[in-house]
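Undergrad: Mind looking over this structure? Questions follow.
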Amino acid sequence: MNNYQRPHSPFEDSAAQRLRRMGLTTEDGSPERDAMSVFAAIFAGQFFDDLCDYYQDHENVQEVIAQIFHTAEQADPKQKFLLICLQYDSIYRSLPDPVWWISGSPAFAELFAEDFLAHLKRLAENT
């Protein structure tokens, strides 16, 4: 098995620097809206593919996505991010490192969750 452990926490001082190096922040350290939108779309697309690989049946994928949206409708922004994290866990996938790094920054995590879910919905409707 893989013994990979994340070397640092997204809740420490280096997290802001990591987000800046990923191009996700503006000069003042706030989320770069356009970059966050692309960032979320990339990971939503990858997650959609992961769902398809895991379930291997389009109907099951649609049911899972419908359940995600049903739960997300009743969730606040922080809960939406946690919901996404749990979805990775439910298909035995690790949360991607770049997503891990935004988890310690509520403004980034909330923006990511909204954009991620919006792109996932578009993928589900167009597939």
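Simple scheme: letters A, B, ... for chains in structure tokens order, numbers from 1 for residues in each chain, numbers from 1 for ligands in the order shown.
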Based on DSSP run over this structure's backbone, return all residues of region 8-113 of chain A in alpha helix (DSSP H), as a VMD selection string.
TA: chain A and resid 14 to 21 33 to 55 58 to 73 77 to 90 97 to 102 106 to 113
Undergrad: Which polymer residues have any atom within 9 Å of an atom of Val99 (chain A), counting only C-alpha atoms, with same-chain residues fewer than 2 positions away left out, as an mmCIF file with N, CA and C atoms, in the first residue's frame?
TA:
data_model
loop_
_atom_site.group_PDB
_atom_site.id
_atom_site.type_symbol
_atom_site.label_atom_id
_atom_site.label_comp_id
_atom_site.auth_asym_id
_atom_site.auth_seq_id
_atom_site.Cartn_x
_atom_site.Cartn_y
_atom_site.Cartn_z
ATOM 1 N N PHE A 39 -9.903 25.981 -11.368
ATOM 2 C CA PHE A 39 -9.428 24.998 -10.400
ATOM 3 C C PHE A 39 -10.559 24.026 -10.023
ATOM 4 N N ALA A 40 -11.712 24.581 -9.690
ATOM 5 C CA ALA A 40 -12.859 23.756 -9.297
ATOM 6 C C ALA A 40 -13.368 22.918 -10.467
ATOM 7 N N PHE A 43 -11.103 19.822 -10.979
ATOM 8 C CA PHE A 43 -11.299 18.760 -9.994
ATOM 9 C C PHE A 43 -12.704 18.168 -10.041
ATOM 10 N N CYS A 85 -15.466 16.460 0.272
ATOM 11 C CA CYS A 85 -14.391 15.644 0.841
ATOM 12 C C CYS A 85 -14.882 14.228 1.153
ATOM 13 N N LEU A 95 -8.266 12.863 -1.214
ATOM 14 C CA LEU A 95 -8.538 14.236 -1.603
ATOM 15 C C LEU A 95 -7.288 14.757 -2.306
ATOM 16 N N PRO A 96 -7.428 15.293 -3.507
ATOM 17 C CA PRO A 96 -6.242 15.789 -4.220
ATOM 18 C C PRO A 96 -5.497 16.839 -3.393
ATOM 19 N N ASP A 97 -4.177 16.800 -3.462
ATOM 20 C CA ASP A 97 -3.367 17.732 -2.678
ATOM 21 C C ASP A 97 -3.779 19.190 -2.842
ATOM 22 N N TRP A 101 -5.004 21.680 0.229
ATOM 23 C CA TRP A 101 -4.379 22.934 0.633
ATOM 24 C C TRP A 101 -5.378 24.071 0.790
ATOM 25 N N ILE A 102 -6.518 24.016 0.162
ATOM 26 C CA ILE A 102 -7.498 25.095 0.367
ATOM 27 C C ILE A 102 -8.399 24.822 1.562
ATOM 28 N N SER A 103 -8.349 23.613 2.114
ATOM 29 C CA SER A 103 -9.261 23.262 3.204
ATOM 30 C C SER A 103 -9.057 24.111 4.452
ATOM 31 N N ALA A 109 -12.217 27.495 0.317
ATOM 32 C CA ALA A 109 -12.982 26.252 0.358
ATOM 33 C C ALA A 109 -14.435 26.479 -0.060
ATOM 34 N N PHE A 112 -14.558 27.182 -3.804
ATOM 35 C CA PHE A 112 -14.296 25.922 -4.490
ATOM 36 C C PHE A 112 -15.543 25.043 -4.497
#
Undergrad: In terms of the shortest atom-to-atom distance over only C-alpha atoms, which of A:Phe81, A:Pro98, A:Ala124, A:Gly104 is closest to Arg21 (chain A)?
TA: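 Counting only C-alpha atoms, the residue closest to Arg21 (chain A) is A:Pro98.
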Undergrad: Within 12 Å of Arg122 (chain A), counting only C-alpha atoms, which residues qualify if same-chain residues fewer than 6 places away don't, as a CSV table (one decimal) with N, CA and C atoms, in the first residue's frame?
TA:
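Everything below was put into result26.csv:
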chain,number,residue,atom,x,y,z
A,41,ALA,N,-13.4,23.5,-11.7
A,41,ALA,CA,-13.8,22.7,-12.8
A,41,ALA,C,-12.9,21.6,-13.1
A,44,ALA,N,-13.7,18.9,-10.4
A,44,ALA,CA,-15.0,18.4,-10.6
A,44,ALA,C,-15.0,17.4,-11.8
A,45,GLY,N,-14.4,17.8,-12.9
A,45,GLY,CA,-14.3,16.9,-14.0
A,45,GLY,C,-13.5,15.6,-13.7
A,48,PHE,N,-15.8,13.5,-11.5
A,48,PHE,CA,-16.9,12.9,-12.3
A,48,PHE,C,-16.3,11.6,-13.0
A,65,ILE,N,-24.8,11.4,-7.9
A,65,ILE,CA,-24.8,12.8,-8.1
A,65,ILE,C,-26.1,13.5,-7.6
A,69,PHE,N,-26.4,16.4,-4.7
A,69,PHE,CA,-27.1,17.7,-4.8
A,69,PHE,C,-28.2,17.9,-3.8
A,115,ASP,N,-18.2,26.3,-7.0
A,115,ASP,CA,-17.9,26.1,-8.4
A,115,ASP,C,-17.8,24.6,-8.7
A,116,PHE,N,-17.3,23.8,-7.8
A,116,PHE,CA,-17.2,22.4,-8.0
A,116,PHE,C,-18.5,21.8,-8.2
Undergrad: Mind giving me the straight-line distance from CA of Glu59 (chain A) to CA of Tyr92 (chain A) in Å, one decimal?
TA: 19.7 Å
Undergrad: Name the closest residue to Ile91 (chain A) among the candidates A:Asp50, A:Glu32, A:Asp13, A:Asp57; distances are taken between atoms, counting only C-alpha atoms.
TA: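 Comparing A:Asp50, A:Glu32, A:Asp13, A:Asp57 against Ile91 (chain A), the winner is A:Asp50.
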Undergrad: Could you jot down the CA of Ser30 (chain A) to CA of Lys78 (chain A) separation for me, Å, one decimal place?
TA: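 Answer for the CA of Ser30 (chain A) to CA of Lys78 (chain A) separation: 17.1 Å.
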Undergrad: Which residue gives the smallest distance to His70 (chain A) among A:Leu51, A:Leu83, A:Leu19, A:Val38, with only C-alpha atoms counted?
TA: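 The closest residue to His70 (chain A) is A:Leu83.
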Undergrad: Quick check, in Å to one decimal: how far apart do CA of Ala107 (chain A) and CA of Pro31 (chain A) lie?
TA: 7.1 Å
Undergrad: With only C-alpha atoms as the counted atoms, please give the residues lying no more than 12 Å from Asp76 (chain A), apart from itself and same-chain residues fewer than 2 positions off, as a VMD selection string.
TA: chain A and resid 71 to 74 78 to 83 106 109 to 111 113 to 114
Undergrad: Under the rule that only C-alpha atoms are counted, which of A:Ala16, A:Leu123, A:Met22, A:Leu117 is the nearest residue to Pro77 (chain A)?
TA: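 Looking at the shortest contact to Pro77 (chain A), the residue is A:Leu117.
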